[in-house]
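Novice: So I've got this file, structure.cif, and it contains mmCIF, C-alpha atoms:
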```
data_model
#
loop_
_atom_site.label_atom_id
_atom_site.label_comp_id
_atom_site.auth_asym_id
_atom_site.auth_seq_id
_atom_site.Cartn_x
_atom_site.Cartn_y
_atom_site.Cartn_z
CA MET A 1 360.36 74.37 191.06
CA MET A 2 361.56 72.29 188.15
CA THR A 3 363.59 69.28 188.89
CA PRO A 4 366.95 68.79 187.22
CA LEU A 5 365.48 65.95 185.18
CA ILE A 6 362.84 68.17 183.63
CA LEU A 7 365.49 70.84 182.87
CA ALA A 8 367.68 68.25 181.14
CA VAL A 9 364.76 67.03 179.03
CA LEU A 10 363.87 70.59 178.01
CA ALA A 11 367.49 71.33 177.12
CA MET A 12 367.65 68.25 174.94
CA VAL A 13 364.41 69.22 173.21
CA ALA A 14 365.75 72.75 172.60
CA VAL A 15 369.01 71.42 171.16
CA GLY A 16 367.09 69.02 168.90
CA ALA A 17 364.82 71.80 167.69
CA ILE A 18 367.80 73.97 166.90
CA GLY A 19 369.47 71.09 165.06
CA VAL A 20 366.32 70.37 163.06
CA ALA A 21 366.04 74.08 162.13
CA VAL A 22 369.71 74.76 161.30
CA VAL A 23 371.08 71.57 159.73
CA PRO A 24 368.57 71.29 156.85
CA SER A 25 369.12 74.96 155.98
CA MET A 26 372.87 74.40 155.93
CA LEU A 27 372.47 71.32 153.76
CA GLY A 28 370.09 73.20 151.53
CA ASN A 29 372.56 76.05 151.12
CA SER A 30 375.33 73.61 150.13
CA ARG A 31 373.05 71.96 147.58
CA VAL A 32 372.08 75.33 146.18
CA ASP A 33 375.75 76.27 145.92
CA LYS A 34 376.51 73.02 144.14
CA ARG A 35 373.65 73.57 141.73
CA LEU A 36 374.75 77.16 141.08
CA LYS A 37 378.31 76.04 140.46
CA ALA A 38 377.09 73.30 138.11
CA MET A 39 374.94 75.79 136.24
CA GLN A 40 377.84 78.23 135.98
CA GLY A 41 380.06 75.43 134.68
CA ASP A 42 377.46 74.51 132.09
CA LEU A 43 377.13 78.14 131.05
CA GLN A 44 380.89 78.48 130.70
CA ALA A 45 381.07 75.23 128.70
CA ASN A 46 378.26 76.39 126.44
CA ARG A 47 379.97 79.76 126.04
CA ARG A 48 383.24 78.06 125.11
CA ALA A 49 381.46 75.80 122.67
CA ASN A 50 379.68 78.76 121.09
CA ASN A 51 382.97 80.65 120.80
CA ALA A 52 384.60 77.60 119.18
CA ASP A 53 381.70 77.31 116.75
CA LYS A 54 381.95 81.00 115.91
CA GLN A 55 385.69 80.73 115.34
CA ARG A 56 385.17 77.65 113.18
CA ASP A 57 382.49 79.42 111.16
CA THR A 58 384.72 82.46 110.79
CA ARG A 59 387.64 80.37 109.55
CA ARG A 60 385.34 78.49 107.19
CA LYS A 61 384.06 81.76 105.75
CA GLU A 62 387.61 83.05 105.36
CA LEU A 63 388.60 79.85 103.57
CA GLN A 64 385.58 80.05 101.30
CA GLN A 65 386.18 83.70 100.44
CA THR A 66 389.89 83.16 99.75
CA LEU A 67 389.20 80.03 97.75
CA ARG A 68 386.47 81.76 95.73
CA ALA A 69 388.73 84.72 94.96
CA GLN A 70 391.67 82.59 93.90
CA THR A 71 389.44 80.24 91.88
CA SER A 72 388.01 83.16 89.90
CA GLN A 73 391.53 84.46 89.36
CA LEU A 74 392.61 81.00 88.21
CA ASP A 75 389.71 80.82 85.75
CA ARG A 76 390.65 84.20 84.31
CA LYS A 77 394.23 83.08 83.83
CA LYS A 78 393.14 79.89 82.06
CA LYS A 79 391.38 81.84 79.33
CA SER A 80 394.52 83.53 78.01
CA ILE A 81 397.94 82.17 79.01
CA PRO A 82 400.96 84.02 77.54
CA LEU A 83 403.62 81.97 75.80
CA ARG A 84 406.16 82.78 78.51
CA ASP A 85 403.85 81.37 81.21
CA GLN A 86 403.11 78.27 79.14
CA ILE A 87 406.82 77.55 78.80
CA PHE A 88 407.34 78.16 82.52
CA GLN A 89 404.43 75.87 83.46
CA ALA A 90 405.80 73.13 81.19
CA GLY A 91 409.07 73.09 83.14
CA MET A 92 411.09 74.16 80.09
CA LYS A 93 414.01 76.57 80.33
CA ILE A 94 413.87 77.90 76.77
CA LYS A 95 412.95 81.56 76.24
CA PRO A 96 409.90 82.60 74.19
CA VAL A 97 412.15 84.03 71.47
CA GLY A 98 413.99 80.73 71.20
CA PHE A 99 410.74 78.79 71.09
CA ILE A 100 409.41 80.96 68.24
CA ARG A 101 412.73 80.65 66.38
CA ASN A 102 412.68 76.86 66.66
CA SER A 103 409.05 76.76 65.50
CA ALA A 104 409.93 78.82 62.43
CA ILE A 105 412.90 76.55 61.65
CA PHE A 106 410.66 73.50 61.96
CA GLY A 107 408.09 75.03 59.60
CA VAL A 108 410.80 75.79 57.02
CA LEU A 109 412.08 72.21 57.23
CA VAL A 110 408.56 70.90 56.62
CA ILE A 111 408.24 73.13 53.55
CA VAL A 112 411.59 71.92 52.19
CA VAL A 113 410.64 68.26 52.73
CA LEU A 114 407.30 68.76 50.96
CA ILE A 115 408.96 70.50 48.01
CA VAL A 116 411.44 67.62 47.75
CA LEU A 117 408.44 65.27 47.68
CA GLN A 118 407.16 67.29 44.68
CA VAL A 119 404.26 68.94 46.46
CA ASP A 120 403.08 72.23 44.97
CA VAL A 121 404.92 75.22 46.48
CA LEU A 122 401.70 76.96 47.59
CA TYR A 123 400.38 73.90 49.40
CA ALA A 124 403.82 73.18 50.84
CA ALA A 125 403.96 76.72 52.24
CA ILE A 126 400.47 76.44 53.76
CA ILE A 127 401.16 73.04 55.31
CA GLY A 128 404.60 74.14 56.54
CA ALA A 129 403.21 77.28 58.17
CA ALA A 130 400.44 75.32 59.85
CA ALA A 131 402.89 72.65 61.02
CA GLY A 132 405.38 75.23 62.28
CA TYR A 133 402.69 76.93 64.36
CA LEU A 134 400.49 74.04 65.54
CA LEU A 135 402.89 71.14 66.17
CA PRO A 136 405.25 73.01 68.56
CA ARG A 137 402.21 74.38 70.41
CA MET A 138 400.77 70.89 70.69
CA TYR A 139 404.11 69.64 72.01
CA LEU A 140 404.19 72.49 74.54
CA THR A 141 400.63 71.73 75.69
CA ARG A 142 401.45 68.03 76.05
CA LYS A 143 404.64 68.83 77.99
CA ARG A 144 402.72 71.21 80.26
CA LYS A 145 400.02 68.66 80.99
CA LYS A 146 402.60 65.97 81.71
CA TYR A 147 404.33 68.28 84.19
CA GLN A 148 401.05 69.01 85.94
CA ASN A 149 400.17 65.31 86.18
CA GLN A 150 403.57 64.53 87.70
CA PHE A 151 403.09 67.34 90.22
CA LEU A 152 399.62 66.12 91.23
CA GLU A 153 400.95 62.57 91.54
CA GLU A 154 403.34 63.60 94.31
CA LEU A 155 401.36 66.44 95.92
CA PRO A 156 399.39 64.25 98.41
CA ASN A 157 402.63 62.63 99.60
CA ALA A 158 404.22 66.07 100.05
CA VAL A 159 401.23 67.37 102.04
CA GLU A 160 401.27 64.31 104.29
CA ALA A 161 405.00 64.76 104.86
CA ILE A 162 404.33 68.37 105.95
CA VAL A 163 401.56 67.13 108.28
CA ARG A 164 403.91 64.62 109.90
CA GLY A 165 406.56 67.31 110.33
CA VAL A 166 404.11 69.78 111.90
CA LYS A 167 402.73 67.11 114.27
CA SER A 168 406.26 66.23 115.37
CA GLY A 169 406.87 69.86 116.38
CA LEU A 170 408.73 71.21 113.34
CA PRO A 171 407.86 74.68 111.99
CA LEU A 172 406.17 74.91 108.61
CA ASN A 173 409.35 76.12 106.88
CA ASP A 174 411.37 73.17 108.18
CA SER A 175 408.65 70.75 107.10
CA MET A 176 408.65 72.26 103.61
CA ARG A 177 412.45 72.10 103.57
CA LEU A 178 412.19 68.39 104.36
CA VAL A 179 409.88 67.95 101.35
CA ALA A 180 412.24 69.96 99.14
CA ARG A 181 415.11 67.68 100.18
CA GLU A 182 413.48 64.24 100.00
CA ALA A 183 410.48 64.46 97.62
CA LYS A 184 410.52 63.49 93.96
CA GLU A 185 410.59 65.86 91.02
CA PRO A 186 408.92 68.20 90.18
CA ILE A 187 407.69 68.71 93.78
CA LYS A 188 411.26 68.93 94.98
CA SER A 189 412.27 71.86 92.75
CA ASP A 190 409.01 73.79 93.19
CA PHE A 191 409.10 73.63 97.00
CA GLN A 192 412.77 74.63 96.93
CA ARG A 193 411.74 77.64 94.85
CA VAL A 194 409.23 78.60 97.55
CA LEU A 195 411.95 78.41 100.21
CA ASP A 196 414.28 80.49 98.03
CA GLN A 197 411.60 83.15 97.71
CA GLN A 198 411.27 83.26 101.50
CA SER A 199 415.02 83.54 101.93
CA LEU A 200 414.88 86.64 99.72
CA GLY A 201 412.53 88.31 102.21
CA LYS A 202 409.09 87.48 100.83
CA SER A 203 406.25 86.45 103.12
CA MET A 204 404.78 82.95 103.16
CA HIS A 205 401.78 84.12 101.13
CA GLU A 206 403.96 85.70 98.44
CA ALA A 207 406.32 82.73 98.33
CA ILE A 208 403.61 80.07 98.18
CA MET A 209 401.93 81.85 95.27
CA THR A 210 404.83 80.74 93.06
CA LEU A 211 403.29 77.26 93.17
CA MET A 212 400.11 78.68 91.61
CA GLU A 213 402.16 80.39 88.91
CA ARG A 214 403.94 77.12 88.16
CA VAL A 215 400.99 74.71 88.41
CA PRO A 216 397.64 76.58 88.09
CA LEU A 217 395.36 73.72 89.16
CA PRO A 218 392.48 73.54 91.69
CA GLU A 219 394.38 71.08 93.89
CA VAL A 220 397.33 73.44 94.20
CA ASN A 221 394.87 76.27 94.82
CA PHE A 222 393.47 74.34 97.82
CA PHE A 223 396.96 73.94 99.27
CA VAL A 224 397.82 77.62 98.75
CA VAL A 225 394.55 78.74 100.40
CA VAL A 226 395.13 76.56 103.48
CA ILE A 227 398.68 77.83 103.95
CA THR A 228 397.64 81.45 103.32
CA VAL A 229 394.73 81.43 105.79
CA GLN A 230 396.81 79.66 108.42
CA SER A 231 399.64 82.18 108.11
CA GLN A 232 397.18 85.10 108.41
CA SER A 233 394.71 83.95 111.07
CA GLY A 234 396.34 80.90 112.70
CA GLY A 235 394.63 77.62 113.49
CA ASN A 236 395.34 73.91 113.54
CA LEU A 237 397.55 73.53 110.45
CA SER A 238 398.09 69.77 110.80
CA GLU A 239 394.34 69.09 110.86
CA ALA A 240 393.67 71.35 107.85
CA LEU A 241 396.50 69.83 105.82
CA GLY A 242 395.43 66.31 106.85
CA ASN A 243 391.94 66.98 105.52
CA LEU A 244 393.47 68.45 102.36
CA ALA A 245 395.61 65.36 101.80
CA ARG A 246 392.52 63.18 102.12
CA VAL A 247 390.63 65.37 99.62
CA LEU A 248 393.54 65.23 97.17
CA ARG A 249 393.68 61.44 97.32
CA ASN A 250 389.92 61.18 96.82
CA ARG A 251 390.14 63.48 93.77
CA LYS A 252 392.98 61.36 92.43
CA LYS A 253 390.91 58.19 92.82
CA MET A 254 387.97 59.86 91.10
CA LYS A 255 390.14 60.95 88.17
CA GLN A 256 391.49 57.42 87.77
CA LYS A 257 387.95 56.04 87.86
CA VAL A 258 386.78 58.53 85.22
CA LYS A 259 389.82 57.69 83.08
CA ALA A 260 389.03 53.98 83.27
CA MET A 261 385.36 54.51 82.44
CA SER A 262 386.15 56.79 79.48
CA SER A 263 388.91 54.61 78.00
CA GLU A 264 386.41 52.75 75.78
CA ALA A 265 385.07 56.02 74.35
CA LYS A 266 388.61 57.26 73.72
CA ALA A 267 389.53 54.04 71.93
CA SER A 268 386.40 54.29 69.76
CA ALA A 269 387.19 57.92 68.92
CA GLY A 270 390.75 57.00 67.97
CA ILE A 271 389.60 54.16 65.72
CA ILE A 272 386.95 56.29 64.00
CA GLY A 273 389.38 59.18 63.51
CA SER A 274 392.15 57.02 62.03
CA LEU A 275 389.88 54.84 59.86
CA PRO A 276 389.85 57.15 56.76
CA LEU A 277 393.64 57.42 56.81
CA ILE A 278 394.06 53.67 57.17
CA VAL A 279 391.60 52.98 54.33
CA ALA A 280 393.37 55.52 52.09
CA ALA A 281 396.76 53.91 52.81
CA LEU A 282 395.46 50.38 52.11
CA VAL A 283 393.79 51.48 48.87
CA SER A 284 397.01 53.20 47.75
CA LEU A 285 398.95 49.99 48.40
CA THR A 286 396.57 47.74 46.53
CA THR A 287 395.60 50.16 43.71
CA PRO A 288 398.11 53.03 43.51
CA SER A 289 396.33 54.85 40.67
CA TYR A 290 392.91 54.87 42.34
CA LEU A 291 393.48 57.97 44.49
CA LEU A 292 395.74 59.88 42.07
CA PRO A 293 392.91 62.23 40.94
CA LEU A 294 392.83 63.64 44.49
CA ILE A 295 396.42 64.80 44.06
CA GLU A 296 396.68 65.55 40.33
CA THR A 297 393.44 67.45 39.64
CA ASP A 298 392.32 70.79 41.07
CA ILE A 299 388.91 69.45 42.10
CA GLY A 300 390.61 66.53 43.84
CA LYS A 301 392.87 68.90 45.73
CA ILE A 302 389.88 70.98 46.82
CA CYS A 303 388.08 67.83 47.95
CA LEU A 304 391.20 66.70 49.77
CA GLY A 305 391.47 70.05 51.56
CA VAL A 306 387.79 70.00 52.56
CA ALA A 307 388.20 66.41 53.82
CA ALA A 308 391.24 67.43 55.88
CA VAL A 309 389.31 70.31 57.46
CA LEU A 310 386.36 68.04 58.25
CA MET A 311 388.68 65.41 59.68
CA PHE A 312 390.30 68.01 61.92
CA MET A 313 386.91 69.28 63.10
CA GLY A 314 385.69 65.74 63.77
CA GLY A 315 388.84 64.86 65.73
CA PHE A 316 388.54 68.07 67.76
CA ILE A 317 384.88 67.38 68.60
CA MET A 318 385.57 63.76 69.56
CA ASN A 319 388.48 64.86 71.75
CA LYS A 320 386.23 67.33 73.58
CA MET A 321 383.57 64.63 74.03
CA VAL A 322 385.94 62.28 75.85
CA GLN A 323 387.47 64.96 78.13
CA PHE A 324 385.99 65.10 81.64
CA ASP A 325 386.70 67.65 84.36
CA VAL A 326 386.78 66.35 87.93
#
```
Output the file's structure as structure tokens, nothing else.
Specialist:
Amino acid sequence: MMTPLILAVLAMVAVGAIGVAVVPSMLGNSRVDKRLKAMQGDLQANRRANNADKQRDTRRKELQQTLRAQTSQLDRKKKSIPLRDQIFQAGMKIKPVGFIRNSAIFGVLVIVVLIVLQVDVLYAAIIGAAAGYLLPRMYLTRKRKKYQNQFLEELPNAVEAIVRGVKSGLPLNDSMRLVAREAKEPIKSDFQRVLDQQSLGKSMHEAIMTLMERVPLPEVNFFVVVITVQSQSGGNLSEALGNLARVLRNRKKMKQKVKAMSSEAKASAGIIGSLPLIVAALVSLTTPSYLLPLIETDIGKICLGVAAVLMFMGGFIMNKMVQFDV
């Protein structure tokens, strides 16, 4: 017969054995569950990160494809620009017919002035025709470039204003309307034209393309691509436009740096190109009869014409040498 004391001791030993057998297994199961949950969390985080990377890569590829397509289209347009488009890109409201009429009138006036100055009629006609064709075109090119420079000067500010509007919760259209109301010219009118196109029922892509028709530059192409891709596939517009504004300002700084570094070469080209004309004017003032054979004799006129052609070719080559694309 076992005494109650022995029974109590055996019961305590049994309970302890059960505790030693069950408690570690329970703790082990909880640790395993924790580890499994941690591993599942890591897998889900990795999966989310991979999906984000894939989406980022997809958007980058879309941007690159759209940018490549529009850049090639822009290069094709640069090769041959119709007169109507040149006038439109210069910000002028005259029609092509009016521009041609004014060019012809200018050429006739040059011919009349040369005949009054007793220049031979044949040479006066040649010079007048060349002046009537080249000088208005040069004025149009200069006006067009000035318009583009003014647009690029204000474009980073306009993009940053759109970024601030989008970050504050405004839709893209309202942000662009804010730019069209408060920005400087010519940004103000061009963005208002985009809004007018949208009010007529065109999509954002179709409306924003009017900026490319007005100012066909790589910087504007970047802006159009960002807006187009965002309107088609979505994404963080404020971040994309913020990066674009930073790129535009860096390109602007680079252009200013290149302009400063090339100013010496431009000054040298200007001095070299104008030196023959200055020497001829000074010689005519000091000895008026010295250069008369160039005007009075046929050989002198031929030499003068050849010299003018060579001067034009030299000025054209020097101008191309001091032009840098950024």
Novice: Would you please work out which residue, of A:Glu154, A:Glu206, A:Glu160, A:Glu213, is nearest to Glu185 (chain A) when using all atoms listed in the file?
Specialist: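 Residue with the minimum atom-to-atom distance to Glu185 (chain A): A:Glu154.
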Novice: Please measure the separation of CA of Ser175 (chain A) and CA of Ile162 (chain A), giving the value in Å to one decimal.
Specialist: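 Separation between CA of Ser175 (chain A) and CA of Ile162 (chain A): 5.1 Å.
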Novice: Dump as a list of chain:residue names all residues having an atom at most 12 Å from (410.6, 80.4, 58.5), computed in the file's coordinates with only C-alpha atoms.
Specialist: A:Ile100, A:Arg101, A:Asn102, A:Ser103, A:Ala104, A:Ile105, A:Phe106, A:Gly107, A:Val108, A:Leu109, A:Val110, A:Ile111, A:Val112, A:Ala125, A:Ile126, A:Gly128, A:Ala129, A:Ala130, A:Ala131, A:Gly132, A:Tyr133
Novice: Those selected residues, please, written with C-alpha atoms and delivered as a PDB file, keeping the file's coordinate frame.
Specialist:
```
ATOM      1  CA  ILE A 100     409.410  80.960  68.240  1.00  0.00           C
ATOM      2  CA  ARG A 101     412.730  80.650  66.380  1.00  0.00           C
ATOM      3  CA  ASN A 102     412.680  76.860  66.660  1.00  0.00           C
ATOM      4  CA  SER A 103     409.050  76.760  65.500  1.00  0.00           C
ATOM      5  CA  ALA A 104     409.930  78.820  62.430  1.00  0.00           C
ATOM      6  CA  ILE A 105     412.900  76.550  61.650  1.00  0.00           C
ATOM      7  CA  PHE A 106     410.660  73.500  61.960  1.00  0.00           C
ATOM      8  CA  GLY A 107     408.090  75.030  59.600  1.00  0.00           C
ATOM      9  CA  VAL A 108     410.800  75.790  57.020  1.00  0.00           C
ATOM     10  CA  LEU A 109     412.080  72.210  57.230  1.00  0.00           C
ATOM     11  CA  VAL A 110     408.560  70.900  56.620  1.00  0.00           C
ATOM     12  CA  ILE A 111     408.240  73.130  53.550  1.00  0.00           C
ATOM     13  CA  VAL A 112     411.590  71.920  52.190  1.00  0.00           C
ATOM     14  CA  ALA A 125     403.960  76.720  52.240  1.00  0.00           C
ATOM     15  CA  ILE A 126     400.470  76.440  53.760  1.00  0.00           C
ATOM     16  CA  GLY A 128     404.600  74.140  56.540  1.00  0.00           C
ATOM     17  CA  ALA A 129     403.210  77.280  58.170  1.00  0.00           C
ATOM     18  CA  ALA A 130     400.440  75.320  59.850  1.00  0.00           C
ATOM     19  CA  ALA A 131     402.890  72.650  61.020  1.00  0.00           C
ATOM     20  CA  GLY A 132     405.380  75.230  62.280  1.00  0.00           C
ATOM     21  CA  TYR A 133     402.690  76.930  64.360  1.00  0.00           C
TER      22      TYR A 133
END
```
Novice: State, in Å with one decimal place, the distance from CA of Arg177 (chain A) to CA of Asn149 (chain A).
Specialist: 22.3 Å
Novice: In Å, how far is it from CA of Gly242 (chain A) to CA of Ala161 (chain A)?
Specialist: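 A separation of 9.9 Å between them.
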Novice: Need to verify the contact set: Leu178 (chain A), 12 Å, only C-alpha atoms, exclusion of same-chain residues closer than 4 positions in sequence. Can you return it as an MDAnalysis selection string?
Specialist: chainID A and resid 158:166 170:174 182:184 187:188 191:192 195
Novice: Can you work out which one of A:Pro218, A:Gly169, A:Pro293, A:Gly273 has the shortest atom-to-atom distance to Ser238 (chain A), counting only C-alpha atoms?
Specialist: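 That would be A:Gly169, the residue with the smallest distance to Ser238 (chain A).
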Novice: Please list as a short mmCIF file (atom, residue, chain, number, x, y, z; two decimals) with C-alpha atoms, in the frame of the given file every residue within 12 Å of Ala307 (chain A), counting all atoms listed in the file and excluding residues in the same chain fewer than 5 positions away.
Specialist:
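New file result26.cif:
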```cif
data_model
loop_
_atom_site.label_atom_id
_atom_site.label_comp_id
_atom_site.auth_asym_id
_atom_site.auth_seq_id
_atom_site.Cartn_x
_atom_site.Cartn_y
_atom_site.Cartn_z
CA PRO A 276 389.85 57.15 56.76
CA LEU A 277 393.64 57.42 56.81
CA LEU A 294 392.83 63.64 44.49
CA GLY A 300 390.61 66.53 43.84
CA LYS A 301 392.87 68.90 45.73
CA ILE A 302 389.88 70.98 46.82
CA PHE A 312 390.30 68.01 61.92
CA MET A 313 386.91 69.28 63.10
CA GLY A 314 385.69 65.74 63.77
#
```
Novice: Which residue, A:Ile127, A:Ala265, A:Ile227, A:Val113, has the smallest gap to Ile208 (chain A) when you use all atoms listed in the file?
Specialist: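 Among the listed residues, A:Ile227 lies closest to Ile208 (chain A).
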Novice: Can you tell me which residues surround Thr141 (chain A) at a distance of at most 12 Å, considering all atoms listed in the file, apart from same-chain residues fewer than 4 positions away, and format the answer as JSON, numbers by chain?
Specialist: {"A": [81, 83, 85, 86, 87, 88, 89, 90, 91, 92, 134, 135, 136, 137, 145, 146, 147, 148]}
Novice: Name all residues at most 9 Å from Glu219 (chain A) (count only C-alpha atoms; drop same-chain ones fewer than 4 positions away) and give them as a PyMOL selection string.
Specialist: chain A and resi 152+155+223-224+244+247-248+251
Novice: Counting only C-alpha atoms, which of A:Leu282, A:Arg181, A:Asp120, A:Val215 gets nearest to Asp298 (chain A)?
Specialist: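 Of A:Leu282, A:Arg181, A:Asp120, A:Val215, the one nearest Asp298 (chain A), counting only C-alpha atoms, is A:Asp120.
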